[in-house]
file model03.txt (compact mmCIF, C-alpha atoms and all ligand atoms)
# COMPACT_ATOMS: atom_id res chain seq x y z
CA MET F 1 33.25 51.93 -41.53
CA PRO F 2 32.85 52.51 -37.75
CA LYS F 3 32.20 49.49 -35.53
CA LYS F 4 28.49 48.86 -34.82
CA ILE F 5 27.76 50.09 -31.30
CA LYS F 6 25.80 47.63 -29.17
CA LYS F 7 26.71 48.59 -25.63
CA ILE F 8 27.65 51.94 -24.09
CA GLY F 9 29.22 52.47 -20.67
CA VAL F 10 28.64 55.55 -18.52
CA MET F 11 30.64 56.74 -15.53
CA THR F 12 31.16 59.71 -13.24
CA SER F 13 34.64 60.65 -12.13
CA GLY F 14 36.52 63.32 -10.16
CA GLY F 15 34.62 65.75 -7.89
CA ASP F 16 30.89 65.12 -8.02
CA SER F 17 28.45 67.82 -9.07
CA PRO F 18 24.66 68.23 -8.97
CA GLY F 19 23.20 67.08 -12.28
CA MET F 20 25.43 64.03 -12.68
CA ASN F 21 22.49 61.73 -11.89
CA ALA F 22 20.32 63.54 -14.40
CA ALA F 23 23.07 62.99 -17.00
CA ILE F 24 23.32 59.26 -16.16
CA ARG F 25 19.54 59.00 -16.55
CA SER F 26 19.72 60.75 -19.89
CA VAL F 27 22.47 58.47 -21.23
CA VAL F 28 20.56 55.35 -20.11
CA ARG F 29 17.24 56.48 -21.56
CA SER F 30 18.85 57.61 -24.82
CA CYS F 31 20.39 54.13 -25.12
CA THR F 32 16.94 52.60 -24.53
CA HIS F 33 15.54 54.87 -27.24
CA TYR F 34 18.16 53.66 -29.73
CA ARG F 35 17.79 50.03 -28.55
CA ILE F 36 21.31 49.60 -27.30
CA GLU F 37 22.50 48.32 -23.94
CA CYS F 38 23.84 50.61 -21.24
CA VAL F 39 26.23 49.71 -18.46
CA GLY F 40 27.04 51.86 -15.43
CA ILE F 41 30.66 51.88 -14.31
CA TYR F 42 31.03 52.42 -10.56
CA ARG F 43 33.65 54.78 -9.04
CA GLY F 44 34.99 56.17 -12.31
CA TYR F 45 38.26 54.75 -13.64
CA GLN F 46 38.77 52.74 -10.45
CA GLY F 47 35.60 50.76 -11.08
CA MET F 48 36.63 50.39 -14.73
CA ILE F 49 39.89 48.74 -13.63
CA GLU F 50 38.04 46.46 -11.23
CA GLY F 51 35.22 45.59 -13.65
CA ASP F 52 32.67 47.02 -11.21
CA PHE F 53 29.81 47.34 -13.70
CA ILE F 54 26.02 47.30 -13.50
CA LYS F 55 23.50 46.87 -16.28
CA LEU F 56 21.19 49.90 -16.36
CA ASP F 57 17.80 50.28 -17.97
CA ALA F 58 15.22 53.04 -18.29
CA ARG F 59 13.31 52.04 -15.14
CA GLY F 60 16.51 51.55 -13.17
CA VAL F 61 17.20 55.29 -13.36
CA SER F 62 13.74 56.39 -12.19
CA GLY F 63 13.60 58.98 -9.43
CA ILE F 64 17.19 60.20 -9.75
CA ILE F 65 16.81 63.34 -11.90
CA ASN F 66 16.34 65.40 -8.73
CA LYS F 67 19.09 63.80 -6.64
CA GLY F 68 22.47 65.37 -5.88
CA GLY F 69 25.67 63.32 -5.89
CA THR F 70 26.03 60.37 -8.24
CA ILE F 71 24.41 56.94 -7.96
CA LEU F 72 27.47 55.51 -9.73
CA LYS F 73 29.80 57.00 -7.07
CA THR F 74 33.02 58.71 -8.04
CA ALA F 75 36.73 58.48 -7.35
CA ARG F 76 40.09 59.95 -8.33
CA SER F 77 41.93 56.77 -9.38
CA LYS F 78 45.71 56.59 -8.84
CA ALA F 79 45.93 53.18 -10.54
CA PHE F 80 44.52 54.59 -13.82
CA ARG F 81 47.54 56.91 -13.99
CA THR F 82 49.72 53.84 -14.61
CA LYS F 83 49.91 52.00 -17.91
CA ALA F 84 49.27 48.68 -16.13
CA GLY F 85 46.09 50.13 -14.58
CA ARG F 86 44.83 51.37 -17.93
CA LYS F 87 45.51 47.98 -19.56
CA LYS F 88 43.42 46.29 -16.85
CA ALA F 89 40.62 48.80 -17.50
CA TYR F 90 40.76 48.08 -21.23
CA ASP F 91 40.59 44.31 -20.66
CA GLN F 92 37.55 44.78 -18.41
CA LEU F 93 35.74 46.89 -21.02
CA ILE F 94 36.40 44.33 -23.75
CA LYS F 95 35.36 41.44 -21.48
CA ALA F 96 32.05 43.21 -20.74
CA GLY F 97 31.49 43.94 -24.46
CA ILE F 98 31.41 47.72 -23.91
CA ASP F 99 32.02 49.54 -27.22
CA ALA F 100 32.27 53.16 -26.00
CA VAL F 101 32.03 55.13 -22.76
CA VAL F 102 30.43 58.44 -21.78
CA LEU F 103 32.68 60.18 -19.25
CA ILE F 104 30.98 62.65 -16.93
CA GLY F 105 33.58 64.74 -15.12
CA GLY F 106 36.14 67.53 -15.32
CA ASP F 107 39.52 68.01 -16.95
CA GLY F 108 41.25 65.28 -14.89
CA THR F 109 38.66 62.81 -16.17
CA PHE F 110 39.08 63.98 -19.75
CA THR F 111 42.87 63.86 -19.56
CA GLY F 112 42.65 60.21 -18.46
CA GLY F 113 40.26 59.50 -21.33
CA MET F 114 42.61 61.04 -23.90
CA VAL F 115 45.63 59.06 -22.75
CA PHE F 116 43.54 55.88 -22.77
CA ASN F 117 42.25 56.61 -26.25
CA LYS F 118 45.78 57.13 -27.60
CA GLU F 119 46.87 53.78 -26.17
CA PHE F 120 43.85 51.64 -27.06
CA ASP F 121 41.90 53.64 -29.66
CA PHE F 122 38.81 53.31 -27.48
CA PRO F 123 35.94 55.79 -28.05
CA PHE F 124 35.14 58.22 -25.26
CA ILE F 125 32.69 61.13 -25.27
CA GLY F 126 32.89 63.63 -22.40
CA ILE F 127 30.14 65.52 -20.59
CA PRO F 128 31.54 68.43 -18.56
CA GLY F 129 30.50 67.94 -14.93
CA THR F 130 32.07 70.15 -12.27
CA ILE F 131 30.75 72.93 -10.08
CA ASP F 132 33.85 75.02 -10.91
CA ASN F 133 32.79 75.76 -14.52
CA ASP F 134 36.47 75.75 -15.47
CA ILE F 135 36.27 73.72 -18.69
CA PHE F 136 37.28 75.32 -21.96
CA GLY F 137 34.80 75.20 -24.84
CA THR F 138 31.54 75.28 -22.92
CA THR F 139 29.76 78.22 -21.32
CA PHE F 140 28.32 75.99 -18.60
CA THR F 141 29.33 72.77 -16.87
CA LEU F 142 26.87 70.51 -15.03
CA GLY F 143 26.39 71.50 -11.43
CA TYR F 144 27.70 75.04 -11.72
CA ASP F 145 24.26 76.68 -11.77
CA THR F 146 23.14 74.67 -8.74
CA ALA F 147 26.32 75.56 -6.85
CA LEU F 148 25.77 79.27 -7.61
CA ASN F 149 22.30 79.08 -6.08
CA THR F 150 23.58 77.17 -3.05
CA VAL F 151 26.28 79.76 -2.44
CA VAL F 152 24.01 82.77 -2.91
CA GLU F 153 21.55 81.31 -0.41
CA ALA F 154 24.32 80.77 2.15
CA VAL F 155 25.79 84.25 1.62
CA ASP F 156 22.34 85.84 2.04
CA LYS F 157 22.09 84.15 5.43
CA ILE F 158 25.56 85.25 6.47
CA ARG F 159 24.69 88.79 5.45
CA ASP F 160 21.84 88.80 7.98
CA THR F 161 24.21 88.20 10.87
CA ALA F 162 26.95 90.39 9.33
CA SER F 163 24.65 93.37 9.28
CA SER F 164 23.22 92.70 12.76
CA HIS F 165 26.74 92.80 14.20
CA SER F 166 28.18 95.34 11.73
CA ARG F 167 30.89 92.87 10.80
CA LEU F 168 33.08 92.20 7.82
CA PHE F 169 32.84 88.62 6.52
CA PHE F 170 35.34 86.80 4.35
CA ILE F 171 33.50 83.92 2.70
CA GLU F 172 35.56 81.30 0.91
CA VAL F 173 33.87 79.52 -1.97
CA MET F 174 35.10 76.60 -4.10
CA GLY F 175 37.17 77.03 -7.22
CA ARG F 176 40.66 75.62 -6.93
CA ASP F 177 41.87 77.24 -10.14
CA ALA F 178 38.96 79.40 -11.21
CA GLY F 179 36.86 82.29 -9.98
CA PHE F 180 33.56 81.60 -11.77
CA ILE F 181 31.65 80.71 -8.61
CA ALA F 182 33.17 83.63 -6.67
CA LEU F 183 32.57 86.24 -9.37
CA ASN F 184 28.98 85.33 -10.11
CA THR F 185 27.87 84.73 -6.53
CA GLY F 186 29.70 87.88 -5.48
CA ILE F 187 27.59 89.91 -7.89
CA GLY F 188 24.43 87.92 -7.09
CA ALA F 189 24.80 88.34 -3.33
CA GLY F 190 26.00 91.94 -3.50
CA ALA F 191 29.56 91.45 -2.19
CA GLU F 192 31.79 94.47 -1.62
CA GLU F 193 34.87 92.70 -2.96
CA ILE F 194 35.45 89.52 -4.94
CA LEU F 195 38.86 87.87 -4.92
CA ILE F 196 39.55 85.44 -7.77
CA PRO F 197 42.71 83.74 -9.05
CA GLU F 198 42.33 85.28 -12.52
CA GLU F 199 42.73 88.87 -11.25
CA ASP F 200 45.30 90.03 -8.75
CA LEU F 201 43.54 92.78 -6.85
CA GLY F 202 46.47 93.23 -4.44
CA LEU F 203 46.21 93.66 -0.68
CA LYS F 204 46.62 97.44 -0.73
CA ARG F 205 43.79 97.95 -3.20
CA MET F 206 41.55 95.74 -1.12
CA LEU F 207 42.28 97.77 2.02
CA ARG F 208 41.55 101.00 0.17
CA SER F 209 38.30 99.62 -1.11
CA LEU F 210 37.19 98.51 2.38
CA GLN F 211 38.12 101.92 3.77
CA ARG F 212 36.00 103.52 1.07
CA SER F 213 33.08 101.24 1.98
CA LYS F 214 33.27 102.32 5.62
CA ARG F 215 33.45 105.98 4.68
CA SER F 216 30.46 105.65 2.38
CA GLY F 217 28.34 104.54 5.33
CA LYS F 218 28.31 100.74 4.94
CA SER F 219 28.12 99.09 8.33
CA SER F 220 28.76 95.52 7.22
CA SER F 221 30.65 94.03 4.32
CA ILE F 222 31.00 90.74 2.49
CA VAL F 223 34.16 89.72 0.66
CA ILE F 224 33.88 86.56 -1.46
CA VAL F 225 37.17 84.75 -1.83
CA ALA F 226 37.71 81.96 -4.38
CA GLU F 227 39.55 79.01 -2.90
CA GLY F 228 42.30 79.38 -5.51
CA ASP F 229 42.89 83.09 -4.93
CA THR F 230 46.43 83.93 -3.92
CA ILE F 231 46.10 87.45 -2.57
CA GLY F 232 46.44 86.21 1.02
CA LYS F 233 48.06 82.95 2.18
CA ASN F 234 44.61 81.75 3.14
CA VAL F 235 41.30 83.31 4.00
CA PHE F 236 41.99 83.29 7.78
CA GLU F 237 45.30 85.15 7.39
CA LEU F 238 43.60 87.55 5.04
CA ALA F 239 41.00 88.39 7.69
CA GLU F 240 43.75 88.85 10.32
CA TYR F 241 45.69 91.13 7.99
CA VAL F 242 42.63 93.31 7.40
CA GLU F 243 41.76 93.51 11.11
CA LYS F 244 45.35 94.55 11.86
CA ASN F 245 45.41 97.24 9.22
CA LEU F 246 41.84 98.44 9.54
CA PRO F 247 41.01 98.20 13.27
CA GLN F 248 37.61 99.77 12.63
CA TYR F 249 36.58 96.37 11.17
CA GLU F 250 35.61 93.29 13.14
CA ALA F 251 36.19 90.40 10.75
CA ARG F 252 34.88 86.85 10.62
CA VAL F 253 35.58 83.99 8.23
CA SER F 254 33.22 81.43 6.79
CA VAL F 255 34.44 78.59 4.55
CA LEU F 256 31.46 77.11 2.72
CA GLY F 257 33.31 73.94 1.66
CA HIS F 258 31.74 70.79 0.31
CA MET F 259 28.13 71.79 0.91
CA GLN F 260 28.57 73.61 -2.40
CA ARG F 261 28.85 70.28 -4.20
CA GLY F 262 25.63 68.80 -2.83
CA GLY F 263 21.89 69.31 -3.10
CA ALA F 264 19.17 68.79 -5.67
CA PRO F 265 20.20 70.08 -9.10
CA SER F 266 18.55 73.27 -10.35
CA CYS F 267 16.11 73.05 -13.25
CA PHE F 268 18.83 74.49 -15.50
CA ASP F 269 21.25 71.68 -14.60
CA ARG F 270 18.58 69.00 -15.06
CA VAL F 271 17.71 70.24 -18.53
CA LEU F 272 21.37 70.68 -19.47
CA ALA F 273 22.15 67.12 -18.28
CA SER F 274 19.25 65.71 -20.27
CA ARG F 275 20.36 67.49 -23.45
CA MET F 276 24.03 66.59 -23.05
CA GLY F 277 23.37 62.91 -22.29
CA LEU F 278 21.32 62.48 -25.44
CA LYS F 279 23.93 64.27 -27.55
CA ALA F 280 26.73 62.08 -26.12
CA VAL F 281 24.90 58.88 -27.10
CA GLU F 282 24.10 60.20 -30.57
CA LEU F 283 27.74 61.17 -31.15
CA ILE F 284 28.84 57.65 -30.25
CA LEU F 285 26.27 56.16 -32.62
CA ASP F 286 27.62 58.46 -35.35
CA GLY F 287 31.07 56.92 -34.84
CA GLU F 288 32.53 59.98 -33.07
CA LYS F 289 35.14 59.87 -30.31
CA ASN F 290 37.43 62.16 -28.33
CA LEU F 291 34.84 64.91 -28.14
CA MET F 292 33.25 66.79 -25.27
CA VAL F 293 29.63 67.87 -25.48
CA ASN F 294 29.28 71.60 -24.87
CA ILE F 295 26.67 74.35 -24.67
CA ASN F 296 27.21 77.78 -26.17
CA ASN F 297 24.49 80.34 -26.98
CA ASN F 298 21.95 77.74 -25.80
CA LYS F 299 23.04 75.34 -28.54
CA ILE F 300 24.43 71.90 -27.79
CA GLY F 301 27.63 71.27 -29.74
CA VAL F 302 31.06 69.70 -29.35
CA THR F 303 34.64 70.61 -28.48
CA ASN F 304 37.62 68.41 -29.19
CA LEU F 305 38.55 66.68 -25.90
CA GLU F 306 42.18 67.74 -26.19
CA LYS F 307 41.21 71.38 -26.69
CA ALA F 308 38.83 71.17 -23.72
CA VAL F 309 41.68 69.95 -21.54
CA LYS F 310 44.40 72.30 -22.80
CA GLY F 311 42.36 75.47 -23.28
CA LYS F 312 41.58 78.01 -20.58
CA HIS F 313 38.00 79.06 -19.93
CA LYS F 314 38.35 82.80 -19.45
CA ILE F 315 36.20 84.76 -17.07
CA ASN F 316 33.98 87.47 -18.45
CA GLN F 317 35.63 90.89 -17.96
CA GLU F 318 32.26 92.61 -18.20
CA LEU F 319 31.29 90.91 -14.93
CA ILE F 320 34.33 92.38 -13.20
CA ARG F 321 33.28 95.85 -14.29
CA VAL F 322 29.70 95.21 -13.16
CA SER F 323 30.87 94.04 -9.76
CA ASP F 324 33.14 97.09 -9.34
CA ILE F 325 30.35 99.52 -10.11
CA MET F 326 27.71 97.69 -8.06
CA SER F 327 29.83 97.71 -4.92
CA ILE F 328 30.09 101.52 -4.95
O1 LIG W 401 35.09 69.62 -8.01
C1 LIG W 401 35.94 70.70 -7.98
C2 LIG W 401 36.25 71.02 -6.56
O2 LIG W 401 35.05 71.22 -5.90
C3 LIG W 401 37.16 72.22 -6.36
O3 LIG W 401 36.53 73.45 -6.39
C4 LIG W 401 37.76 71.89 -5.02
O4 LIG W 401 39.01 72.52 -4.89
C5 LIG W 401 37.92 70.41 -5.10
O5 LIG W 401 36.93 69.96 -5.96
C6 LIG W 401 37.87 69.71 -3.79
O6 LIG W 401 38.13 68.36 -4.01
P1 LIG W 401 38.01 67.22 -2.91
O7 LIG W 401 36.56 66.84 -2.80
O8 LIG W 401 38.83 66.11 -3.43
O9 LIG W 401 38.49 67.78 -1.62
call {"tool": "encode", "arguments": {"input": "model03.txt", "output": "structure tokens"}}
result
Amino acid sequence: MPKKIKKIGVMTSGGDSPGMNAAIRSVVRSCTHYRIECVGIYRGYQGMIEGDFIKLDARGVSGIINKGGTILKTARSKAFRTKAGRKKAYDQLIKAGIDAVVLIGGDGTFTGGMVFNKEFDFPFIGIPGTIDNDIFGTTFTLGYDTALNTVVEAVDKIRDTASSHSRLFFIEVMGRDAGFIALNTGIGAGAEEILIPEEDLGLKRMLRSLQRSKRSGKSSSIVIVAEGDTIGKNVFELAEYVEKNLPQYEARVSVLGHMQRGGAPSCFDRVLASRMGLKAVELILDGEKNLMVNINNNKIGVTNLEKAVKGKHKINQELIRVSDIMSI
């Protein structure tokens, strides 16, 4: 017989992403619906260790569905990586009477949750929140759709100046280990080349492709480079290499950086957050633990937390083919 749940904690951890606030709101309001208490944990695992908690109610999360960032703040806690840190966190949860926690974050957050669960048998339910979309078991993570729109808007603007000056632009987008943002924004913004960690295009092939672009009459070009791509040492050296080998090109570099993580969440991310928050609370009330809420084929479901952490979310090969043909 599972323990009766009276109080649920919610926290955001790791890199923030647009839609985290909408997910917090959803968890809080779902708790209100089921007449259970909800507690916000500040700064992820760090706040858990320090007992930095706040009681949240339905009105307390008004006006945040449209806000980027996270009202609960976030952190990457070093102390939680130690057993002593995790024991402190456990003691704080027990002291506050928290029966289960909804973790909103990426694979680092989920890995911490799994270790903690093994040690203390404490129920966690994950909601995938990262702009990188690199979590196994779910087609979309919170914040990814918003980040795609942010990047496409920025690339459109860069294209204006690229074409005025007939320049070649290398635009670096986020994605430490994954090319989801690069591949989709590359297609959406009409890039000539897309460099992602999952596919090794090779420097020679890239040069050939840029030569072809010039010959076919293109005056300006955009190359989208995922942060984690390894074709060049970094995007600046890549641009230098191309200018050296293809002197007909004048190259510039633009690193979009952390602006990709900010801004009001898209409607898609707000709806996704609302659906996932409710599901997370209902799973806890059903006595579930160690699961991540997911979305596949527009259906909300679950993936085992361990599988979500260990599995690899593969990029869609069809998109690579589309991008190749579109950049003709
Ligand atoms: O949240 C994921 C991510 O945005 C990666 O794409 C990026 O490499 C990383 O976070 C940057 O992290 P930080 O904010 O710690 O520099």
call {"tool": "closest_residue", "arguments": {"input": "model03.txt", "among": "F:Asp99, F:Asp132, F:Glu37, F:Asp229", "to": "ligand LIG 401 (chain W)", "atoms": "only C-alpha atoms and all ligand atoms"}}
result
F:Asp132
call {"tool": "residues_around", "arguments": {"input": "model03.txt", "residues": "Ile127 in chain F", "least_positions_apart": "4", "cutoff": "8 Å", "atoms": "all atoms listed in the file", "output": "list of chain:residue names"}}
result
F:Val102, F:Leu103, F:Ile104, F:Gly105, F:Met276, F:Gly277, F:Ala280, F:Met292, F:Val293, F:Asn294
call {"tool": "axis_aligned_box", "arguments": {"input": "model03.txt", "around": "ligand LIG 401 (chain W)", "padding_each_side": "5 Å", "output": "lines of an AutoDock Vina configuration file"}}
result
center_x = 37.0
center_y = 69.8
center_z = -4.8
size_x = 14.0
size_y = 17.3
size_z = 16.4
call {"tool": "residues_near_ligand", "arguments": {"input": "model03.txt", "ligand": "ligand LIG 401 (chain W)", "cutoff": "10 Å", "atoms": "only C-alpha atoms and all ligand atoms", "output": "PDB file with C-alpha atoms, in the frame of the given file"}}
result
ATOM      1  CA  SER F  13      34.640  60.650 -12.130  1.00  0.00           C
ATOM      2  CA  GLY F  14      36.520  63.320 -10.160  1.00  0.00           C
ATOM      3  CA  GLY F  15      34.620  65.750  -7.890  1.00  0.00           C
ATOM      4  CA  ASP F  16      30.890  65.120  -8.020  1.00  0.00           C
ATOM      5  CA  SER F  17      28.450  67.820  -9.070  1.00  0.00           C
ATOM      6  CA  ALA F  75      36.730  58.480  -7.350  1.00  0.00           C
ATOM      7  CA  ARG F  76      40.090  59.950  -8.330  1.00  0.00           C
ATOM      8  CA  GLY F 105      33.580  64.740 -15.120  1.00  0.00           C
ATOM      9  CA  GLY F 106      36.140  67.530 -15.320  1.00  0.00           C
ATOM     10  CA  GLY F 129      30.500  67.940 -14.930  1.00  0.00           C
ATOM     11  CA  THR F 130      32.070  70.150 -12.270  1.00  0.00           C
ATOM     12  CA  ILE F 131      30.750  72.930 -10.080  1.00  0.00           C
ATOM     13  CA  ASP F 132      33.850  75.020 -10.910  1.00  0.00           C
ATOM     14  CA  ASN F 133      32.790  75.760 -14.520  1.00  0.00           C
ATOM     15  CA  ASP F 134      36.470  75.750 -15.470  1.00  0.00           C
ATOM     16  CA  GLY F 143      26.390  71.500 -11.430  1.00  0.00           C
ATOM     17  CA  TYR F 144      27.700  75.040 -11.720  1.00  0.00           C
ATOM     18  CA  ALA F 147      26.320  75.560  -6.850  1.00  0.00           C
ATOM     19  CA  VAL F 173      33.870  79.520  -1.970  1.00  0.00           C
ATOM     20  CA  MET F 174      35.100  76.600  -4.100  1.00  0.00           C
ATOM     21  CA  GLY F 175      37.170  77.030  -7.220  1.00  0.00           C
ATOM     22  CA  ARG F 176      40.660  75.620  -6.930  1.00  0.00           C
ATOM     23  CA  ASP F 177      41.870  77.240 -10.140  1.00  0.00           C
ATOM     24  CA  ALA F 178      38.960  79.400 -11.210  1.00  0.00           C
ATOM     25  CA  GLY F 179      36.860  82.290  -9.980  1.00  0.00           C
ATOM     26  CA  ILE F 181      31.650  80.710  -8.610  1.00  0.00           C
ATOM     27  CA  ALA F 226      37.710  81.960  -4.380  1.00  0.00           C
ATOM     28  CA  GLU F 227      39.550  79.010  -2.900  1.00  0.00           C
ATOM     29  CA  GLY F 228      42.300  79.380  -5.510  1.00  0.00           C
ATOM     30  CA  GLY F 257      33.310  73.940   1.660  1.00  0.00           C
ATOM     31  CA  HIS F 258      31.740  70.790   0.310  1.00  0.00           C
ATOM     32  CA  MET F 259      28.130  71.790   0.910  1.00  0.00           C
ATOM     33  CA  GLN F 260      28.570  73.610  -2.400  1.00  0.00           C
ATOM     34  CA  ARG F 261      28.850  70.280  -4.200  1.00  0.00           C
TER      35      ARG F 261
END
call {"tool": "closest_residue", "arguments": {"input": "model03.txt", "among": "F:Gly262, F:Gly9, F:Gly85, F:Pro128", "to": "Val151 in chain F", "atoms": "all atoms listed in the file"}}
result
F:Gly262
call {"tool": "closest_residue", "arguments": {"input": "model03.txt", "among": "F:Val28, F:Leu195, F:Val39, F:Leu142", "to": "Arg270 in chain F", "atoms": "all atoms listed in the file"}}
result
F:Leu142
call {"tool": "atom_distance", "arguments": {"input": "model03.txt", "atom1": "CA of Gln46 in chain F", "atom2": "CA of Phe80 in chain F"}}
result
6.9 Å
